[in-house]
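Participant: So here's structure_35.cif (mmCIF, C-alpha atoms).
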```cif
data_run
loop_
_atom_site.label_atom_id
_atom_site.label_comp_id
_atom_site.auth_asym_id
_atom_site.auth_seq_id
_atom_site.Cartn_x
_atom_site.Cartn_y
_atom_site.Cartn_z
CA MET A 1 178.95 87.87 19.74
CA ASN A 2 179.12 85.76 22.89
CA ARG A 3 177.63 87.91 25.65
CA LYS A 4 177.88 87.00 29.33
CA VAL A 5 175.14 87.97 31.73
CA ASN A 6 176.20 90.29 34.52
CA ILE A 7 173.31 90.46 36.95
CA SER A 8 172.70 91.54 40.52
CA VAL A 9 170.14 90.51 43.12
CA ASP A 10 168.41 93.89 42.70
CA ASN A 11 167.12 93.19 39.19
CA LEU A 12 165.84 89.67 39.86
CA PRO A 13 162.09 88.99 40.28
CA ASP A 14 160.65 89.74 43.72
CA SER A 15 159.95 86.04 44.25
CA LEU A 16 163.71 85.42 44.34
CA ARG A 17 165.31 88.40 46.10
CA GLY A 18 164.63 87.43 49.70
CA GLN A 19 165.98 83.90 49.14
CA ILE A 20 169.35 84.88 47.66
CA HIS A 21 172.76 85.66 49.14
CA GLY A 22 174.45 86.41 45.82
CA VAL A 23 174.70 85.81 42.07
CA GLU A 24 177.69 84.86 39.88
CA SER A 25 177.71 85.11 36.09
CA ALA A 26 179.80 83.12 33.63
CA ILE A 27 182.36 85.92 33.89
CA ASP A 28 183.07 84.96 37.52
CA ASN A 29 182.34 81.21 37.69
CA GLU A 30 184.77 78.63 36.23
CA SER A 31 182.19 75.93 35.46
CA LEU A 32 179.91 78.38 33.69
CA ALA A 33 182.83 79.99 31.87
CA LEU A 34 183.66 76.59 30.34
CA PHE A 35 180.00 75.87 29.54
CA THR A 36 179.65 79.17 27.67
CA ASP A 37 183.06 79.04 25.95
CA ASN A 38 182.37 78.63 22.23
CA LYS A 39 184.94 80.92 20.67
CA ASP A 40 186.77 78.14 18.81
CA VAL A 41 183.66 76.76 17.13
CA ARG A 42 181.70 79.94 16.37
CA ILE A 43 181.16 80.43 12.67
CA SER A 44 180.07 83.83 11.42
CA LEU A 45 177.19 84.24 8.98
CA GLU A 46 179.55 85.81 6.44
CA ASN A 47 182.11 83.01 6.44
CA THR A 48 180.01 79.85 6.76
CA ASN A 49 179.15 77.62 3.83
CA HIS A 50 177.01 75.20 5.83
CA GLY A 51 174.70 77.46 7.82
CA LEU A 52 176.33 76.48 11.13
CA ARG A 53 175.23 79.68 12.76
CA ALA A 54 174.72 78.67 16.37
CA TYR A 55 176.67 76.63 18.91
CA SER A 56 174.99 74.99 21.88
CA ASN A 57 175.56 72.19 24.39
CA THR A 58 173.84 68.86 24.87
CA PHE A 59 174.09 66.68 27.99
CA ASN A 60 175.80 63.33 27.55
CA HIS A 61 173.22 60.68 28.40
CA TYR A 62 170.39 62.85 29.75
CA ASP A 63 169.45 64.16 26.29
CA LEU A 64 169.46 60.65 24.80
CA TRP A 65 166.78 59.38 27.19
CA GLY A 66 163.17 59.29 25.97
CA ARG A 67 162.15 62.19 28.24
CA PHE A 68 159.44 63.52 25.90
CA VAL A 69 156.06 62.14 24.84
CA ARG A 70 155.89 61.36 21.12
CA SER A 71 152.41 59.89 20.82
CA GLY A 72 149.18 59.61 22.78
CA HIS A 73 147.94 62.24 25.25
CA LYS A 74 149.90 65.51 25.35
CA LYS A 75 147.32 67.90 26.83
CA LEU A 76 144.01 67.02 28.44
CA PRO A 77 141.47 68.81 30.66
CA LEU A 78 141.90 67.55 34.21
CA GLU A 79 138.46 65.91 34.26
CA GLU A 80 139.43 63.83 31.19
CA ALA A 81 142.60 62.48 32.78
CA PRO A 82 143.21 58.77 32.11
CA LYS A 83 143.58 56.36 35.02
CA LYS A 84 147.29 56.01 34.25
CA THR A 85 149.03 59.36 33.79
CA ILE A 86 152.66 58.37 34.51
CA ILE A 87 154.59 57.19 31.45
CA THR A 88 157.38 54.64 32.00
CA ARG A 89 160.25 54.20 29.56
CA ARG A 90 163.33 52.00 29.47
CA ILE A 91 166.86 53.47 29.51
CA SER A 92 169.58 51.67 27.56
CA GLU A 93 172.43 53.82 26.25
CA LYS A 94 176.21 53.49 25.99
CA VAL A 95 178.09 56.81 26.06
CA ASP A 96 181.88 57.15 26.31
CA GLY A 97 182.23 53.53 27.39
CA ILE A 98 179.60 53.78 30.15
CA LEU A 99 176.44 51.67 29.79
CA TYR A 100 173.35 53.28 31.34
CA ASP A 101 170.57 50.78 31.98
CA GLY A 102 167.31 51.38 33.87
CA GLU A 103 164.02 53.23 33.52
CA ILE A 104 162.49 56.69 33.68
CA LYS A 105 158.99 57.81 34.67
CA ILE A 106 157.38 60.98 33.30
CA THR A 107 154.61 62.63 35.34
CA PRO A 108 152.62 65.41 33.57
CA ALA A 109 152.28 68.97 34.84
CA VAL A 110 149.01 70.64 35.79
CA VAL A 111 148.79 73.91 33.85
CA SER A 112 145.99 76.48 33.92
CA SER A 113 144.94 78.08 30.64
CA LYS A 114 141.78 79.44 29.02
CA LYS A 115 139.28 77.20 27.25
CA ASP A 116 136.15 78.80 25.77
CA GLY A 117 136.97 81.99 27.70
CA GLU A 118 137.23 80.26 31.09
CA GLU A 119 140.30 79.27 33.12
CA THR A 120 140.66 75.50 32.90
CA GLU A 121 143.22 73.15 34.40
CA PHE A 122 144.98 70.82 32.00
CA LEU A 123 147.35 67.90 32.32
CA VAL A 124 150.31 68.63 30.04
CA TRP A 125 152.88 65.96 29.23
CA PRO A 126 156.28 67.24 28.04
CA SER A 127 156.16 66.64 24.27
CA ASP A 128 157.83 67.90 21.08
CA ARG A 129 156.80 71.48 21.90
CA GLU A 130 158.49 71.37 25.31
CA GLU A 131 161.57 69.73 23.79
CA LYS A 132 161.93 72.63 21.33
CA VAL A 133 161.66 75.17 24.17
CA GLU A 134 164.15 73.27 26.35
CA ARG A 135 166.69 73.11 23.50
CA ALA A 136 166.28 76.87 22.90
CA LEU A 137 166.65 77.51 26.64
CA ILE A 138 169.96 75.59 26.78
CA ARG A 139 171.06 77.43 23.63
CA LEU A 140 170.57 80.74 25.53
CA ALA A 141 172.49 79.30 28.49
CA SER A 142 175.33 78.24 26.17
CA LYS A 143 175.48 81.80 24.78
CA GLY A 144 176.13 83.12 28.28
CA LYS A 145 172.62 83.73 29.64
CA ILE A 146 173.30 81.55 32.67
CA VAL A 147 174.18 82.42 36.27
CA LYS A 148 174.97 80.69 39.56
CA ILE A 149 172.50 81.73 42.26
CA ASN A 150 173.46 81.25 45.89
CA PHE A 151 170.10 80.57 47.54
CA LYS A 152 169.78 80.25 51.30
CA SER A 153 168.77 76.63 50.67
CA GLY A 154 171.69 75.89 48.33
CA ILE A 155 173.26 76.70 44.96
CA GLN A 156 171.42 76.50 41.63
CA TYR A 157 172.24 77.35 38.03
CA ALA A 158 169.62 79.48 36.29
CA VAL A 159 169.01 80.77 32.77
CA ILE A 160 168.23 84.52 32.72
CA PHE A 161 166.35 85.73 29.64
CA SER A 162 163.40 87.68 28.29
CA MET A 163 160.43 86.04 26.60
CA ASN A 164 161.45 87.81 23.39
CA GLU A 165 164.96 86.32 23.49
CA LEU A 166 163.57 82.80 23.79
CA ALA A 167 161.05 83.50 21.02
CA GLN A 168 163.88 84.73 18.76
CA GLU A 169 165.90 81.53 19.30
CA LEU A 170 162.86 79.49 18.28
CA LYS A 171 162.13 81.73 15.30
CA ALA A 172 165.74 81.46 14.09
CA VAL A 173 165.24 77.73 13.45
CA GLY A 174 161.71 77.99 12.05
CA GLN A 175 159.91 77.06 15.29
CA SER A 176 158.04 80.30 15.99
CA MET A 177 155.53 80.18 18.86
CA PRO A 178 153.28 82.88 20.35
CA TYR A 179 154.26 84.06 23.83
CA PRO A 180 151.37 82.23 25.60
CA GLN A 181 152.52 78.94 24.04
CA ILE A 182 156.13 79.53 25.10
CA LYS A 183 155.04 80.40 28.64
CA GLU A 184 152.83 77.31 28.87
CA SER A 185 155.73 75.16 27.63
CA LEU A 186 158.01 76.59 30.31
CA GLU A 187 155.34 75.95 32.95
CA ALA A 188 154.94 72.38 31.65
CA LEU A 189 158.71 71.82 31.93
CA GLN A 190 158.72 73.18 35.47
CA GLY A 191 155.65 71.20 36.53
CA SER A 192 156.46 67.88 34.85
CA LYS A 193 158.27 65.41 37.05
CA LEU A 194 161.10 63.14 35.94
CA SER A 195 161.94 60.08 38.02
CA PHE A 196 164.72 57.73 37.04
CA LYS A 197 166.77 54.85 38.32
CA TYR A 198 169.62 53.23 36.44
CA ARG A 199 172.91 51.40 36.67
CA ALA A 200 176.08 52.79 35.13
CA THR A 201 178.55 50.10 34.05
CA ASP A 202 182.08 50.89 32.88
CA THR A 203 182.44 48.62 29.85
CA LYS A 204 186.12 49.53 29.43
CA ASN A 205 187.16 48.53 32.94
CA SER A 206 185.64 45.42 34.54
CA ASP A 207 187.40 46.22 37.84
CA VAL A 208 185.14 49.24 38.38
CA ASP A 209 181.97 48.37 40.28
CA ASP A 210 178.59 49.29 38.81
CA SER A 211 177.07 52.49 40.17
CA PHE A 212 173.37 52.78 40.99
CA TYR A 213 171.39 56.03 40.79
CA GLU A 214 167.82 56.94 41.66
CA SER A 215 166.37 60.47 41.60
CA ASN A 216 163.10 62.41 41.44
CA MET A 217 163.03 65.96 40.07
CA ASN A 218 161.30 68.35 37.70
CA PHE A 219 162.54 69.15 34.19
CA LEU A 220 163.09 72.71 35.49
CA SER A 221 163.63 73.22 39.21
CA SER A 222 161.69 76.52 39.41
CA LEU A 223 160.43 79.31 37.19
CA HIS A 224 160.02 83.05 37.84
CA PHE A 225 158.59 85.91 35.77
CA SER A 226 158.60 89.68 36.27
CA GLY A 227 157.55 92.67 34.20
CA LYS A 228 154.81 95.21 33.63
CA LYS A 229 151.35 94.77 32.20
CA GLY A 230 151.38 94.92 28.42
CA GLN A 231 155.12 94.34 28.26
CA GLY A 232 154.78 91.13 26.22
CA GLY A 233 158.17 89.95 25.03
CA ASN A 234 160.05 92.17 27.49
CA ILE A 235 158.95 90.03 30.44
CA LYS A 236 162.04 88.88 32.36
CA CYS A 237 162.30 85.17 33.14
CA VAL A 238 164.49 83.08 35.43
CA ALA A 239 164.47 79.32 34.85
CA CYS A 240 166.41 77.31 37.45
CA LEU A 241 167.92 74.11 36.03
CA ASN A 242 167.40 70.85 37.88
CA ALA A 243 170.11 69.31 40.07
CA PHE A 244 171.00 66.62 37.52
CA VAL A 245 171.76 69.16 34.78
CA HIS A 246 173.59 71.33 37.33
CA ASN A 247 175.91 68.43 38.20
CA MET A 248 176.50 67.62 34.54
CA ILE A 249 177.67 71.19 33.96
CA ASP A 250 180.05 70.97 36.94
CA ASN A 251 181.40 67.58 35.80
CA LEU A 252 181.83 68.64 32.14
CA GLU A 253 179.34 65.94 31.08
CA TYR A 254 178.17 67.77 27.97
CA LYS A 255 179.21 68.12 24.36
CA GLY A 256 178.91 70.89 21.82
CA TYR A 257 176.72 70.73 18.72
CA TYR A 258 175.40 73.14 16.10
CA PHE A 259 171.94 74.20 17.28
CA ASN A 260 170.73 75.43 13.89
CA SER A 261 171.90 72.33 12.05
CA ALA A 262 169.82 70.08 14.31
CA GLN A 263 166.84 72.26 15.19
CA GLU A 264 166.04 73.58 11.71
CA LEU A 265 164.80 70.13 10.74
CA LYS A 266 160.99 70.11 10.64
CA ARG A 267 160.29 66.63 11.97
CA GLY A 268 160.80 65.62 15.61
CA LEU A 269 162.44 62.28 14.74
CA SER A 270 164.87 64.01 12.35
CA ARG A 271 165.87 66.59 14.99
CA TRP A 272 166.35 63.85 17.59
CA MET A 273 168.42 61.69 15.21
CA MET A 274 170.64 64.65 14.28
CA LEU A 275 171.29 65.42 17.95
CA ARG A 276 171.99 61.73 18.52
CA LEU A 277 174.60 61.72 15.74
CA TYR A 278 176.34 64.71 17.32
CA HIS A 279 176.37 62.77 20.60
CA LEU A 280 177.37 59.26 19.60
CA TRP A 281 179.19 59.62 16.28
CA ARG A 282 182.15 61.45 17.79
CA TYR A 283 184.58 59.45 15.65
CA ALA A 284 182.82 60.15 12.35
CA ALA A 285 185.33 60.00 9.51
CA PRO A 286 185.34 59.01 5.84
CA GLY A 287 184.88 55.23 5.60
CA LYS A 288 183.44 54.82 9.10
CA THR A 289 179.77 53.96 9.46
CA TYR A 290 177.12 54.09 12.18
CA HIS A 291 174.64 51.24 12.67
CA PHE A 292 171.33 50.95 14.46
CA ARG A 293 168.27 48.70 14.53
CA LEU A 294 164.94 50.31 13.68
CA LEU A 295 162.83 48.98 16.58
CA SER A 296 165.53 49.73 19.14
CA ILE A 297 165.98 53.33 17.96
CA MET A 298 162.21 53.95 17.79
CA GLU A 299 161.87 52.71 21.37
CA LYS A 300 164.66 55.07 22.47
CA TYR A 301 162.92 57.93 20.67
CA GLY A 302 159.62 57.08 22.34
CA SER A 303 157.47 56.08 19.34
CA ILE A 304 157.00 52.56 20.69
CA TYR A 305 157.44 50.61 23.93
CA SER A 306 159.21 47.29 24.46
CA SER A 307 155.85 45.72 25.37
CA ASP A 308 154.16 46.82 22.11
CA GLU A 309 153.06 44.25 19.56
CA ILE A 310 154.71 45.22 16.27
CA THR A 311 152.41 44.22 13.42
CA ASP A 312 153.47 44.20 9.77
CA ASN A 313 151.65 47.49 9.18
CA LYS A 314 153.28 49.08 12.25
CA LEU A 315 156.74 47.97 11.09
CA LYS A 316 156.09 49.43 7.63
CA ALA A 317 154.94 52.73 9.18
CA LEU A 318 158.07 52.93 11.34
CA ARG A 319 160.24 52.24 8.30
CA ARG A 320 158.46 55.01 6.34
CA ASP A 321 159.13 57.45 9.19
CA MET A 322 162.80 56.51 9.27
CA THR A 323 163.09 56.75 5.46
CA THR A 324 161.83 60.35 5.63
CA THR A 325 164.33 61.08 8.42
CA MET A 326 167.21 59.57 6.40
CA LYS A 327 166.27 61.86 3.50
CA ASP A 328 166.21 64.84 5.91
CA LEU A 329 169.71 63.97 7.16
CA ILE A 330 171.04 63.66 3.59
CA GLU A 331 169.49 67.02 2.61
CA LYS A 332 170.94 68.62 5.75
CA GLY A 333 174.39 67.34 4.86
CA ALA A 334 174.87 65.01 7.85
CA ILE A 335 175.08 61.75 5.91
CA SER A 336 176.00 60.99 2.32
CA GLU A 337 174.06 57.73 2.03
CA TYR A 338 172.56 54.85 3.98
CA ASN A 339 171.85 51.15 3.52
CA ILE A 340 169.12 48.94 4.97
CA SER A 341 169.29 45.18 5.62
CA ASN A 342 166.46 42.91 6.76
CA VAL A 343 166.35 41.07 10.07
CA LYS A 344 164.30 37.87 9.69
CA ASP A 345 162.79 35.45 12.15
CA ASP A 346 164.88 32.25 12.12
CA GLN A 347 161.85 29.97 12.11
CA THR A 348 159.35 31.76 9.85
CA GLY A 349 161.66 33.81 7.64
CA LYS A 350 159.42 36.82 8.25
CA ILE A 351 160.99 40.30 8.39
CA ILE A 352 160.84 41.47 12.02
CA ASP A 353 163.28 44.41 12.04
CA TYR A 354 165.76 46.40 9.93
CA VAL A 355 169.41 47.36 10.39
CA TYR A 356 170.48 50.79 9.09
CA GLU A 357 174.05 51.65 8.10
CA MET A 358 174.80 55.36 7.75
CA HIS A 359 177.76 56.97 5.98
CA PRO A 360 178.91 60.41 7.19
CA SER A 361 179.25 63.30 4.77
CA ALA A 362 182.55 65.17 4.44
CA GLN A 363 180.79 68.20 5.93
CA PHE A 364 179.68 66.28 9.03
CA CYS A 365 183.20 64.85 9.52
CA GLU A 366 184.59 68.39 9.49
CA GLU A 367 181.99 69.52 12.03
CA ILE A 368 182.75 66.62 14.38
CA LEU A 369 186.50 67.26 14.09
CA ALA A 370 186.03 70.91 15.08
CA LEU A 371 183.68 69.99 17.95
CA ASN A 372 186.04 67.28 19.25
CA LYS A 373 188.98 69.69 19.31
CA HIS A 374 186.88 72.18 21.19
CA ASN A 375 185.66 69.52 23.64
CA LYS A 376 189.24 68.39 24.37
CA ARG A 377 190.30 71.96 25.05
CA ILE A 378 187.39 72.44 27.47
CA GLU A 379 188.25 69.19 29.29
CA ILE A 380 191.91 70.19 29.59
CA GLN A 381 190.99 73.63 30.91
CA GLY A 382 188.59 72.03 33.37
CA GLY A 383 191.16 69.46 34.51
CA LYS A 384 189.06 66.47 33.47
CA ARG A 385 191.28 65.16 30.70
CA LEU A 386 194.43 65.56 32.81
CA VAL A 387 192.92 63.31 35.46
CA GLU A 388 191.54 60.75 33.00
CA ASP A 389 194.76 60.52 31.00
CA ALA A 390 197.09 60.43 34.02
CA GLU A 391 199.37 57.42 34.16
CA ILE A 392 198.94 55.29 37.28
CA ILE A 393 202.31 54.24 38.71
CA ASP A 394 202.72 51.19 40.93
CA GLU A 395 203.73 52.08 44.53
CA ASP A 396 206.94 49.96 44.37
CA ILE A 397 208.04 51.67 41.13
CA LEU A 398 207.22 55.07 42.63
CA GLU A 399 209.41 54.25 45.64
CA GLU A 400 212.31 53.35 43.32
CA ILE A 401 211.86 56.63 41.41
CA VAL A 402 211.94 58.60 44.67
CA LYS A 403 215.15 56.79 45.80
CA LYS A 404 216.90 57.68 42.58
#
```
How would this structure read if it were set down as structure tokens?

Facilitator:
Amino acid sequence: MNRKVNISVDNLPDSLRGQIHGVESAIDNESLALFTDNKDVRISLENTNHGLRAYSNTFNHYDLWGRFVRSGHKKLPLEEAPKKTIITRRISEKVDGILYDGEIKITPAVVSSKKDGEETEFLVWPSDREEKVERALIRLASKGKIVKINFKSGIQYAVIFSMNELAQELKAVGQSMPYPQIKESLEALQGSKLSFKYRATDTKNSDVDDSFYESNMNFLSSLHFSGKKGQGGNIKCVACLNAFVHNMIDNLEYKGYYFNSAQELKRGLSRWMMLRLYHLWRYAAPGKTYHFRLLSIMEKYGSIYSSDEITDNKLKALRRDMTTTMKDLIEKGAISEYNISNVKDDQTGKIIDYVYEMHPSAQFCEEILALNKHNKRIEIQGGKRLVEDAEIIDEDILEEIVKK
């Protein structure tokens, strides 16, 4: 059942009450009503053959960026911090005809937790653990656990939930975590900083000038907890989304996907690839294939950097990782088969990369068809598709029409 949150200022944490003029739930707010509208794509446990038990949303290009740390330091005592703590990654993605090109910087959070019985400060980089928690958080928001809060300083969207509700979403896809781990992950998301700058080029229309964007923000804007001692999972939480995600909700820059289908996969690369297919393979149909190059996709995922030297052993290791992921996607029913071709150096004839060709399963084609229909309906209701599809009439022709 899709439940909407109906909340008042009175039952928010004390840290928020004095800052707020009012609160709107998805019942009252048009943007949030669209974001939490999943009635056409919900599949009940009794009727589903594919285990598509949960619908959620994913943000168009934001979720494709390498925002999480896949290797190297993930948590270190403050005194062991390396000289360079900020991680820089390249952005290069084409979504819906728009090419996003630039870079992001990830700054770790400082989180306090116990080590050998004493409170110790750690540097925590947002990694696979934080990605799991963020996906579960957006799943709760997509179910209706999201509100618009009118702060004195401005408007923010926030996810309202209990620690137990978030733990249950993680448990449902085999990602159970103890409450202290979940809390630390939330604190790492709130404390970690994301800086990005990129150009957005409309590849379908050369007359449209490139747009340039540069922003600095946290993964979560702010985080608030309230409850009683010994309450455990009943602790109430408010996680305010950052301004970038807020704007993407308002501008309908998100797409639906099946949370369980992607998040039940055990390996981080497999989960990321599944989410990527839901994003970019929106025209999946029998006979159509999806191609990618191994080194390019591993750089996007965050396993390697463009400056890395790729030895023969490293290339073999990357191929083994991708082979396991391809098997995961076949077992999950996303693809029916895949093919690999070698990319050789023109001068030496040495293999330097691989090209993968994936074939969608009939099941995945059905899923994409249902999700696309739902997405079109949301865009029409939100007015986006009407604007995009509107026919532009020349002023002289318009004048003739008026005269007639």

Participant: Out of A:Thr311, A:Gln175, A:Gly333, A:Thr201, which residue has the shortest atom-to-atom distance to A:Glu366 when counting all atoms listed in the file?

Facilitator: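 Closest to A:Glu366, using all atoms listed in the file: A:Gly333.
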
Participant: Evaluating the PyMOL selection byres ((chain A and resi 189) around 8) on the displayed file yields which residues, as number ranges by chain?

Facilitator: A: 109, 126, 130, 134, 185-188, 190-192, 218-220

Participant: Assuming the chain letters and numbering stay as they are in my file, what does the PyMOL selection byres ((chain A and resi 293) around 7) actually select? List them as a tab-separated table (two decimals) with C-alpha atoms, keeping the file's coordinate frame.

Facilitator:
```tsv
chain	number	residue	atom	x	y	z
A	292	PHE	CA	171.33	50.95	14.46
A	294	LEU	CA	164.94	50.31	13.68
A	295	LEU	CA	162.83	48.98	16.58
A	296	SER	CA	165.53	49.73	19.14
A	297	ILE	CA	165.98	53.33	17.96
A	354	TYR	CA	165.76	46.40	9.93
A	355	VAL	CA	169.41	47.36	10.39
A	356	TYR	CA	170.48	50.79	9.09
```

Participant: Do you know which residues the PyMOL selection byres ((chain A and resi 325-330) around 9) returns on this file, as a ChimeraX atom specification?

Facilitator: /A:265-267,269-271,273-274,320-324,331-338,358,361

Participant: So for stretch 134-150 of chain A, what box centre and size do we get, axis-aligned, 4 Å extra on each of the six sides, every listed atom, Å to one decimal, as AutoDock Vina command-line options?

Facilitator:
```
--center_x 170.1 --center_y 78.4 --center_z 34.4 --size_x 20.0 --size_y 18.6 --size_z 31.0
```

Participant: Between atom CA of A:Glu30 and atom CA of A:Ile138, what is the distance, to one decimal in Å?

Facilitator: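 Separating atom CA of A:Glu30 from atom CA of A:Ile138 is a distance of 17.8 Å.
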
Participant: In terms of the shortest atom-to-atom distance over all atoms listed in the file, which of A:Ala285, A:Val159, A:Ile304, A:Val133 is closest to A:Thr36?

Facilitator: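 Distance minimum relative to A:Thr36 lands on A:Val159.
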
Participant: Residues near A:Glu24, anyone? I mean within 6 Å using all atoms listed in the file, not counting same-chain ones fewer than 2 positions away, as a PyMOL selection string.

Facilitator: chain A and resi 28+147-148

Participant: What separation in Å, quoted to one decimal, exists between atom CA of A:Arg67 and atom CA of A:Tyr157?

Facilitator: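 Atom-to-atom, atom CA of A:Arg67 and atom CA of A:Tyr157 are spaced 20.7 Å apart.
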
Participant: Let me make sure I understand: among A:Met217, A:Ile149, A:Leu252, A:Ile27, which one has the smallest atom-to-atom distance to A:Ile104 if we use only C-alpha atoms?

Facilitator: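 Of all the options, A:Met217 lies closest to A:Ile104.
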
Participant: Please identify all polymer residues within 8 Å of A:Ser56, counting all atoms listed in the file, omitting same-chain residues fewer than 4 positions from it, and present them as a ChimeraX atom specification.

Facilitator: /A:138-139,142-143,256-259

Participant: Excluding A:Gly268 and any residue of its chain fewer than 5 positions from it, enumerate the residues within 10 Å of it, using all atoms listed in the file, and give them as JSON, numbers by chain.

Facilitator: {"A": [70, 127, 128, 129, 131, 132, 263, 273, 274, 301, 325]}

Participant: Which polymer residues have any atom within 6 Å of an atom of A:Lys145, counting all atoms listed in the file, with same-chain residues fewer than 4 positions away left out, as a compact mmCIF listing (two decimals) with C-alpha atoms, keeping the file's coordinate frame?

Facilitator:
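Now in out_23.txt:
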```
# COMPACT_ATOMS: atom_id res chain seq x y z
CA VAL A 5 175.14 87.97 31.73
CA LEU A 140 170.57 80.74 25.53
CA ALA A 141 172.49 79.30 28.49
CA VAL A 159 169.01 80.77 32.77
CA ILE A 160 168.23 84.52 32.72
```

Participant: Please report the interatomic distance between atom CA of A:Ile351 and atom CA of A:Lys314 in Å with one decimal.

Facilitator: 12.3 Å

Participant: Within 12 Å of (162.6, 87.8, 24.8) (coordinates as in the file), grab all the protein and nucleic acid residues, counting all atoms listed in the file, and write them out as a VMD selection string.

Facilitator: chain A and resid 136 to 137 140 145 160 to 171 177 to 179 182 to 183 225 227 231 to 238

Participant: Point out the residue among A:Gly66, A:Gly382, A:Gly72, A:Gly102 with the least atom-to-atom distance to A:Ser215, counting all atoms listed in the file.

Facilitator: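 Between A:Gly66, A:Gly382, A:Gly72, A:Gly102, the residue approaching A:Ser215 most closely is A:Gly102.
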
Participant: Nearest residue to A:Glu367 out of A:Ile352, A:Ile20, A:Ala284, A:Met298, using all atoms listed in the file?

Facilitator: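 Smallest separation from A:Glu367 among the options: A:Ala284.
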
Participant: Between A:Lys39, A:Lys94, A:His359, A:Lys75, which residue has the minimum interatomic distance to A:Thr203, considering only C-alpha atoms?

Facilitator: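 Among A:Lys39, A:Lys94, A:His359, A:Lys75, it is A:Lys94 that comes nearest to A:Thr203.
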